[in-house]
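Data file: protein.cif. Format and content: mmCIF, C-alpha atoms.
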```cif
data_work
#
loop_
_atom_site.group_PDB
_atom_site.id
_atom_site.type_symbol
_atom_site.label_atom_id
_atom_site.label_comp_id
_atom_site.auth_asym_id
_atom_site.auth_seq_id
_atom_site.Cartn_x
_atom_site.Cartn_y
_atom_site.Cartn_z
ATOM 1 C CA MET Y 1246 27.920 57.410 -216.823
ATOM 2 C CA LYS Y 1247 28.874 59.035 -213.497
ATOM 3 C CA ARG Y 1248 26.211 61.714 -214.004
ATOM 4 C CA LEU Y 1249 23.571 59.067 -214.699
ATOM 5 C CA ALA Y 1250 24.435 57.184 -211.500
ATOM 6 C CA THR Y 1251 24.262 60.434 -209.511
ATOM 7 C CA LEU Y 1252 20.907 61.298 -211.080
ATOM 8 C CA ILE Y 1253 19.454 57.862 -210.311
ATOM 9 C CA LEU Y 1254 20.733 57.965 -206.719
ATOM 10 C CA GLY Y 1255 19.367 61.484 -206.202
ATOM 11 C CA SER Y 1256 15.971 60.497 -207.609
ATOM 12 C CA ALA Y 1257 15.827 57.434 -205.347
ATOM 13 C CA LEU Y 1258 16.600 59.559 -202.288
ATOM 14 C CA LEU Y 1259 13.936 62.134 -203.186
ATOM 15 C CA PHE Y 1260 11.383 59.385 -203.779
ATOM 16 C CA GLY Y 1261 12.224 57.865 -200.396
ATOM 17 C CA CYS Y 1262 11.731 61.218 -198.654
ATOM 18 C CA ALA Y 1263 8.475 61.917 -200.490
ATOM 19 C CA SER Y 1264 6.942 58.602 -199.477
ATOM 20 C CA HIS Y 1265 7.846 59.051 -195.783
ATOM 21 C CA THR Y 1266 4.859 60.027 -193.645
ATOM 22 C CA PRO Y 1267 5.205 61.704 -190.263
ATOM 23 C CA ASN Y 1268 4.869 59.661 -187.080
ATOM 24 C CA PHE Y 1269 3.374 62.442 -184.962
ATOM 25 C CA ILE Y 1270 0.538 64.960 -185.114
ATOM 26 C CA ALA Y 1271 1.347 68.403 -183.704
ATOM 27 C CA LEU Y 1272 -1.640 69.746 -181.795
ATOM 28 C CA SER Y 1273 -1.701 73.486 -181.149
ATOM 29 C CA PRO Y 1274 -5.228 74.566 -180.225
ATOM 30 C CA GLU Y 1275 -5.783 78.290 -179.860
ATOM 31 C CA LEU Y 1276 -7.227 80.042 -176.846
ATOM 32 C CA PRO Y 1277 -10.838 80.777 -177.802
ATOM 33 C CA ALA Y 1278 -12.560 84.082 -177.175
ATOM 34 C CA VAL Y 1279 -13.351 84.107 -173.448
ATOM 35 C CA THR Y 1280 -15.895 86.436 -171.871
ATOM 36 C CA PRO Y 1281 -14.812 87.795 -168.470
ATOM 37 C CA GLN Y 1282 -17.171 86.318 -165.858
ATOM 38 C CA THR Y 1283 -16.077 88.088 -162.682
ATOM 39 C CA SER Y 1284 -13.930 91.028 -161.625
ATOM 40 C CA LEU Y 1285 -13.341 89.696 -158.092
ATOM 41 C CA GLU Y 1286 -10.697 87.128 -159.149
ATOM 42 C CA PRO Y 1287 -12.003 84.230 -157.036
ATOM 43 C CA ALA Y 1288 -9.532 81.401 -156.440
ATOM 44 C CA LEU Y 1289 -9.964 78.198 -158.411
ATOM 45 C CA ALA Y 1290 -8.101 74.884 -158.178
ATOM 46 C CA LEU Y 1291 -7.713 73.437 -161.676
ATOM 47 C CA GLN Y 1292 -6.687 69.907 -162.642
ATOM 48 C CA THR Y 1293 -6.506 68.385 -166.124
ATOM 49 C CA LEU Y 1294 -6.376 64.602 -166.604
ATOM 50 C CA ASP Y 1295 -5.993 62.391 -169.661
ATOM 51 C CA THR Y 1296 -8.192 59.344 -169.026
ATOM 52 C CA ARG Y 1297 -8.020 57.914 -172.551
ATOM 53 C CA THR Y 1298 -7.145 54.233 -172.797
ATOM 54 C CA ALA Y 1299 -4.686 54.690 -175.687
ATOM 55 C CA ASN Y 1300 -2.009 57.267 -176.475
ATOM 56 C CA PHE Y 1301 -2.609 57.576 -180.243
ATOM 57 C CA ILE Y 1302 -4.882 60.297 -181.647
ATOM 58 C CA VAL Y 1303 -5.148 59.236 -185.312
ATOM 59 C CA ARG Y 1304 -5.923 55.763 -186.633
ATOM 60 C CA PHE Y 1305 -5.532 55.115 -190.377
ATOM 61 C CA ASN Y 1306 -7.697 52.206 -191.518
ATOM 62 C CA GLU Y 1307 -6.987 50.710 -194.938
ATOM 63 C CA ASP Y 1308 -8.789 47.718 -196.399
ATOM 64 C CA GLY Y 1309 -6.935 44.503 -195.604
ATOM 65 C CA LYS Y 1310 -4.082 46.171 -193.703
ATOM 66 C CA ALA Y 1311 -3.314 46.671 -190.030
ATOM 67 C CA ALA Y 1312 -4.304 50.100 -188.712
ATOM 68 C CA ARG Y 1313 -1.528 52.699 -188.669
ATOM 69 C CA LEU Y 1314 -1.529 54.626 -185.379
ATOM 70 C CA VAL Y 1315 -0.239 58.183 -184.972
ATOM 71 C CA SER Y 1316 0.600 59.717 -181.592
ATOM 72 C CA PRO Y 1317 0.610 63.386 -180.577
ATOM 73 C CA ALA Y 1318 3.949 65.218 -180.614
ATOM 74 C CA GLU Y 1319 3.229 66.493 -177.084
ATOM 75 C CA PRO Y 1320 0.880 65.028 -174.439
ATOM 76 C CA PRO Y 1321 -2.621 66.499 -174.971
ATOM 77 C CA ARG Y 1322 -3.084 66.803 -171.202
ATOM 78 C CA VAL Y 1323 -0.219 69.299 -170.995
ATOM 79 C CA GLN Y 1324 -1.592 71.402 -173.831
ATOM 80 C CA LEU Y 1325 -5.155 71.326 -172.495
ATOM 81 C CA ASP Y 1326 -3.987 72.216 -168.985
ATOM 82 C CA GLN Y 1327 -2.144 75.263 -170.311
ATOM 83 C CA LEU Y 1328 -5.115 76.247 -172.488
ATOM 84 C CA PHE Y 1329 -7.616 76.010 -169.611
ATOM 85 C CA ARG Y 1330 -5.340 77.829 -167.148
ATOM 86 C CA GLN Y 1331 -5.050 80.733 -169.575
ATOM 87 C CA GLY Y 1332 -8.783 80.618 -170.308
ATOM 88 C CA PHE Y 1333 -9.945 80.612 -166.692
ATOM 89 C CA ALA Y 1334 -7.484 83.417 -165.905
ATOM 90 C CA LYS Y 1335 -8.915 85.415 -168.814
ATOM 91 C CA ALA Y 1336 -12.422 84.728 -167.460
ATOM 92 C CA GLY Y 1337 -11.380 86.390 -164.189
ATOM 93 C CA TYR Y 1338 -10.286 83.518 -161.932
ATOM 94 C CA ARG Y 1339 -7.035 83.195 -160.010
ATOM 95 C CA ILE Y 1340 -5.574 79.682 -160.248
ATOM 96 C CA ASP Y 1341 -4.746 78.465 -156.728
ATOM 97 C CA PRO Y 1342 -4.304 74.749 -155.911
ATOM 98 C CA ALA Y 1343 -5.394 75.383 -152.301
ATOM 99 C CA SER Y 1344 -8.797 76.793 -153.299
ATOM 100 C CA GLY Y 1345 -12.001 75.227 -152.006
ATOM 101 C CA LYS Y 1346 -13.526 75.593 -155.475
ATOM 102 C CA GLU Y 1347 -12.218 72.918 -157.804
ATOM 103 C CA VAL Y 1348 -12.533 72.184 -161.512
ATOM 104 C CA GLN Y 1349 -11.296 68.870 -162.891
ATOM 105 C CA LEU Y 1350 -11.238 68.404 -166.664
ATOM 106 C CA GLN Y 1351 -10.951 64.815 -167.908
ATOM 107 C CA LEU Y 1352 -10.001 64.173 -171.531
ATOM 108 C CA ILE Y 1353 -12.191 61.160 -172.360
ATOM 109 C CA GLU Y 1354 -11.726 60.943 -176.132
ATOM 110 C CA LEU Y 1355 -9.466 62.564 -178.719
ATOM 111 C CA LEU Y 1356 -9.402 60.422 -181.844
ATOM 112 C CA THR Y 1357 -9.547 60.794 -185.594
ATOM 113 C CA ASP Y 1358 -10.470 57.617 -187.482
ATOM 114 C CA VAL Y 1359 -9.331 57.837 -191.104
ATOM 115 C CA ASP Y 1360 -10.824 55.340 -193.550
ATOM 116 C CA GLU Y 1361 -8.842 55.263 -196.777
ATOM 117 C CA SER Y 1362 -9.883 53.607 -199.992
ATOM 118 C CA SER Y 1363 -8.772 53.810 -203.608
ATOM 119 C CA PHE Y 1364 -11.329 56.620 -204.166
ATOM 120 C CA GLY Y 1365 -10.369 58.898 -201.268
ATOM 121 C CA PHE Y 1366 -10.606 59.218 -197.523
ATOM 122 C CA GLU Y 1367 -13.087 59.990 -194.777
ATOM 123 C CA ALA Y 1368 -11.831 61.248 -191.402
ATOM 124 C CA LYS Y 1369 -14.156 61.287 -188.388
ATOM 125 C CA THR Y 1370 -12.909 63.131 -185.320
ATOM 126 C CA ASN Y 1371 -14.389 62.853 -181.820
ATOM 127 C CA VAL Y 1372 -13.352 64.982 -178.856
ATOM 128 C CA SER Y 1373 -14.952 64.494 -175.446
ATOM 129 C CA ILE Y 1374 -14.155 66.184 -172.122
ATOM 130 C CA ASN Y 1375 -15.803 65.545 -168.758
ATOM 131 C CA LEU Y 1376 -15.970 68.405 -166.289
ATOM 132 C CA LEU Y 1377 -16.274 67.882 -162.556
ATOM 133 C CA ALA Y 1378 -16.666 71.101 -160.541
ATOM 134 C CA LYS Y 1379 -16.946 71.306 -156.754
ATOM 135 C CA ASN Y 1380 -17.787 74.204 -154.499
ATOM 136 C CA SER Y 1381 -18.266 74.167 -150.736
ATOM 137 C CA SER Y 1382 -21.541 72.222 -150.845
ATOM 138 C CA HIS Y 1383 -22.309 70.897 -154.336
ATOM 139 C CA THR Y 1384 -20.847 69.101 -157.333
ATOM 140 C CA LEU Y 1385 -21.486 69.836 -161.015
ATOM 141 C CA THR Y 1386 -20.733 67.193 -163.655
ATOM 142 C CA LYS Y 1387 -21.001 67.845 -167.403
ATOM 143 C CA ARG Y 1388 -19.740 66.229 -170.588
ATOM 144 C CA TYR Y 1389 -18.785 68.317 -173.597
ATOM 145 C CA LYS Y 1390 -18.459 66.748 -177.055
ATOM 146 C CA ALA Y 1391 -17.393 67.874 -180.510
ATOM 147 C CA LYS Y 1392 -17.391 65.946 -183.784
ATOM 148 C CA GLY Y 1393 -15.783 66.638 -187.116
ATOM 149 C CA LEU Y 1394 -15.875 65.073 -190.573
ATOM 150 C CA LEU Y 1395 -13.396 65.528 -193.410
ATOM 151 C CA LYS Y 1396 -13.679 63.915 -196.845
ATOM 152 C CA GLY Y 1397 -11.417 64.184 -199.806
ATOM 153 C CA PRO Y 1398 -9.805 62.531 -202.800
ATOM 154 C CA PHE Y 1399 -6.565 60.582 -202.543
ATOM 155 C CA SER Y 1400 -5.243 60.094 -198.996
ATOM 156 C CA ALA Y 1401 -5.568 62.285 -195.919
ATOM 157 C CA ASP Y 1402 -2.763 64.771 -195.299
ATOM 158 C CA PHE Y 1403 -1.500 65.489 -191.795
ATOM 159 C CA ALA Y 1404 -1.950 69.271 -192.122
ATOM 160 C CA SER Y 1405 -5.706 68.913 -192.720
ATOM 161 C CA LEU Y 1406 -6.085 66.436 -189.856
ATOM 162 C CA GLU Y 1407 -4.143 68.710 -187.478
ATOM 163 C CA LEU Y 1408 -6.196 71.730 -188.502
ATOM 164 C CA ASP Y 1409 -9.485 69.886 -187.940
ATOM 165 C CA MET Y 1410 -8.437 68.509 -184.540
ATOM 166 C CA ASN Y 1411 -7.157 71.904 -183.364
ATOM 167 C CA LYS Y 1412 -10.371 73.591 -184.531
ATOM 168 C CA LEU Y 1413 -12.517 71.098 -182.594
ATOM 169 C CA ILE Y 1414 -10.421 71.405 -179.410
ATOM 170 C CA THR Y 1415 -10.616 75.215 -179.616
ATOM 171 C CA GLN Y 1416 -14.389 75.042 -180.170
ATOM 172 C CA LEU Y 1417 -14.908 72.657 -177.247
ATOM 173 C CA SER Y 1418 -12.681 74.634 -174.872
ATOM 174 C CA GLY Y 1419 -14.660 77.765 -175.811
ATOM 175 C CA GLU Y 1420 -17.899 76.014 -174.839
ATOM 176 C CA ILE Y 1421 -16.409 75.060 -171.466
ATOM 177 C CA LEU Y 1422 -14.762 78.413 -170.698
ATOM 178 C CA ASN Y 1423 -17.902 80.390 -171.616
ATOM 179 C CA ASP Y 1424 -20.469 78.019 -170.048
ATOM 180 C CA PRO Y 1425 -22.840 80.212 -167.988
ATOM 181 C CA GLU Y 1426 -23.974 77.241 -165.872
ATOM 182 C CA LEU Y 1427 -20.373 76.495 -164.870
ATOM 183 C CA HIS Y 1428 -19.602 80.128 -163.976
ATOM 184 C CA SER Y 1429 -22.821 80.496 -162.024
ATOM 185 C CA PHE Y 1430 -21.922 77.331 -160.085
ATOM 186 C CA LEU Y 1431 -18.348 78.540 -159.374
ATOM 187 C CA GLN Y 1432 -19.564 81.907 -158.087
ATOM 188 C CA GLN Y 1433 -21.931 80.373 -155.488
#
```

The structure in this file should be written as structure tokens.
Amino acid sequence: MKRLATLILGSALLFGCASHTPNFIALSPELPAVTPQTSLEPALALQTLDTRTANFIVRFNEDGKAARLVSPAEPPRVQLDQLFRQGFAKAGYRIDPASGKEVQLQLIELLTDVDESSFGFEAKTNVSINLLAKNSSHTLTKRYKAKGLLKGPFSADFASLELDMNKLITQLSGEILNDPELHSFLQQ
């Protein structure tokens, strides 16, 4: 009888752990391949802002239920700032807050909407970053966007969502860091 009670208790605990879903998504975008743009190491002031209206990055939508919101484990602004500092340094710039040449990156959107039904899920991810660059006489403004779509049976797993979001952030940061128009503007 004691063994049966232990078995039932153990099974209940394992079931409870298996049904627990994480509360955070861990973003870890990789530094994309960056082409060196200059060998002179011009100074560049870099600022990264998160201008999103909400802190969550994943929204699970199920029929007839309130949306379940998932936040990032670390602020995306911090991760993007580190990523862009490394990327601009690799492109040949020296990061200096006192520089007359400035680049401001504004995270406008970072959201995965997951629609779940009894047949499966569909996850749509949107990432959008505004760039505002200033040199001594002009201003350059550009918006970069990336979209992703995942579909599958059952429900969405966090590992797949993280992988898709990280892939899109890496892709978008590569577009920014290797943008010939931006580098031409910064070297004026």

Spatial neighbours of Tyr1338 in chain Y, max dist 7 Å, all atoms listed in the file, sep filter under 4 positions, as a count of residues only: 6

Residues matched by the PyMOL selection byres ((chain Y and resi 1429) around 12) as a compact mmCIF listing (two decimals) with C-alpha atoms, in the coordinates of the input:
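That gives us out.txt:
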```
# COMPACT_ATOMS: atom_id res chain seq x y z
CA GLN Y 1282 -17.17 86.32 -165.86
CA THR Y 1283 -16.08 88.09 -162.68
CA ALA Y 1378 -16.67 71.10 -160.54
CA ASN Y 1380 -17.79 74.20 -154.50
CA LEU Y 1385 -21.49 69.84 -161.01
CA ASN Y 1423 -17.90 80.39 -171.62
CA ASP Y 1424 -20.47 78.02 -170.05
CA PRO Y 1425 -22.84 80.21 -167.99
CA GLU Y 1426 -23.97 77.24 -165.87
CA LEU Y 1427 -20.37 76.50 -164.87
CA HIS Y 1428 -19.60 80.13 -163.98
CA PHE Y 1430 -21.92 77.33 -160.08
CA LEU Y 1431 -18.35 78.54 -159.37
CA GLN Y 1432 -19.56 81.91 -158.09
CA GLN Y 1433 -21.93 80.37 -155.49
```

Residues around (-18.5, 75.4, -180.1), cut-off 12 Å, counting all atoms listed in the file - what are they as a list in words? Pro1277, Ala1278, Val1372, Tyr1389, Lys1390, Ala1391, Lys1392, Gly1393, Lys1412, Leu1413, Ile1414, Thr1415, Gln1416, Leu1417, Ser1418, Gly1419, Glu1420, Ile1421, Leu1422, Asn1423 and Asp1424 of chain Y

Selection above as a file: C-alpha atoms, as a PDB file, in the coordinates of the input:
```pdb
ATOM      1  CA  PRO Y1277     -10.838  80.777-177.802  1.00  0.00           C
ATOM      2  CA  ALA Y1278     -12.560  84.082-177.175  1.00  0.00           C
ATOM      3  CA  VAL Y1372     -13.352  64.982-178.856  1.00  0.00           C
ATOM      4  CA  TYR Y1389     -18.785  68.317-173.597  1.00  0.00           C
ATOM      5  CA  LYS Y1390     -18.459  66.748-177.055  1.00  0.00           C
ATOM      6  CA  ALA Y1391     -17.393  67.874-180.510  1.00  0.00           C
ATOM      7  CA  LYS Y1392     -17.391  65.946-183.784  1.00  0.00           C
ATOM      8  CA  GLY Y1393     -15.783  66.638-187.116  1.00  0.00           C
ATOM      9  CA  LYS Y1412     -10.371  73.591-184.531  1.00  0.00           C
ATOM     10  CA  LEU Y1413     -12.517  71.098-182.594  1.00  0.00           C
ATOM     11  CA  ILE Y1414     -10.421  71.405-179.410  1.00  0.00           C
ATOM     12  CA  THR Y1415     -10.616  75.215-179.616  1.00  0.00           C
ATOM     13  CA  GLN Y1416     -14.389  75.042-180.170  1.00  0.00           C
ATOM     14  CA  LEU Y1417     -14.908  72.657-177.247  1.00  0.00           C
ATOM     15  CA  SER Y1418     -12.681  74.634-174.872  1.00  0.00           C
ATOM     16  CA  GLY Y1419     -14.660  77.765-175.811  1.00  0.00           C
ATOM     17  CA  GLU Y1420     -17.899  76.014-174.839  1.00  0.00           C
ATOM     18  CA  ILE Y1421     -16.409  75.060-171.466  1.00  0.00           C
ATOM     19  CA  LEU Y1422     -14.762  78.413-170.698  1.00  0.00           C
ATOM     20  CA  ASN Y1423     -17.902  80.390-171.616  1.00  0.00           C
ATOM     21  CA  ASP Y1424     -20.469  78.019-170.048  1.00  0.00           C
TER      22      ASP Y1424
END
```

Name every residue that the PyMOL selection byres ((chain Y and resi 1319) around 9) selects in this structure, writing the answer as a list in words with chains first and numbers rising.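 Applied to this file, the PyMOL selection byres ((chain Y and resi 1319) around 9) returns Phe1269, Ile1270, Ala1271, Leu1272, Ser1316, Pro1317, Ala1318, Pro1320, Pro1321, Arg1322, Val1323 and Gln1324 of chain Y.
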
Show which residues sit within 6 Å of range 1305-1314 of chain Y, as an MDAnalysis selection string. Count all atoms listed in the file, and ignore same-chain residues fewer than 2 positions away. chainID Y and resid 1303 1359:1361

For the selection you just gave me, I'd like the residues written to a file as a short mmCIF file (atom, residue, chain, number, x, y, z; two decimals), in the coordinates of the input, keeping C-alpha atoms.
```cif
data_model
loop_
_atom_site.label_atom_id
_atom_site.label_comp_id
_atom_site.auth_asym_id
_atom_site.auth_seq_id
_atom_site.Cartn_x
_atom_site.Cartn_y
_atom_site.Cartn_z
CA VAL Y 1303 -5.15 59.24 -185.31
CA VAL Y 1359 -9.33 57.84 -191.10
CA ASP Y 1360 -10.82 55.34 -193.55
CA GLU Y 1361 -8.84 55.26 -196.78
#
```

Tell me, in Å to one decimal, how far CA of Glu1354 in chain Y is from CA of Glu1367 in chain Y. 18.7 Å

Using the chain letters and numbers from this file, what does the PyMOL selection byres ((chain Y and resi 1351) around 7) select? Give the answer as a PDB file with C-alpha atoms, keeping the file's coordinate frame.
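Wrote expr-v6.pdb, looks like this:
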```pdb
ATOM      1  CA  THR Y1293      -6.506  68.385-166.124  1.00  0.00           C
ATOM      2  CA  LEU Y1294      -6.376  64.602-166.604  1.00  0.00           C
ATOM      3  CA  ASP Y1295      -5.993  62.391-169.661  1.00  0.00           C
ATOM      4  CA  THR Y1296      -8.192  59.344-169.026  1.00  0.00           C
ATOM      5  CA  GLN Y1349     -11.296  68.870-162.891  1.00  0.00           C
ATOM      6  CA  LEU Y1350     -11.238  68.404-166.664  1.00  0.00           C
ATOM      7  CA  LEU Y1352     -10.001  64.173-171.531  1.00  0.00           C
ATOM      8  CA  ILE Y1353     -12.191  61.160-172.360  1.00  0.00           C
ATOM      9  CA  ILE Y1374     -14.155  66.184-172.122  1.00  0.00           C
ATOM     10  CA  ASN Y1375     -15.803  65.545-168.758  1.00  0.00           C
ATOM     11  CA  LEU Y1376     -15.970  68.405-166.289  1.00  0.00           C
TER      12      LEU Y1376
END
```

Please provide as number ranges by chain all residues within 12 Å of Ile1340 in chain Y, with the sequence filter that same-chain residues fewer than 5 positions apart are discarded (counting only C-alpha atoms). Y: 1286-1292, 1326-1327, 1329-1335, 1345-1348
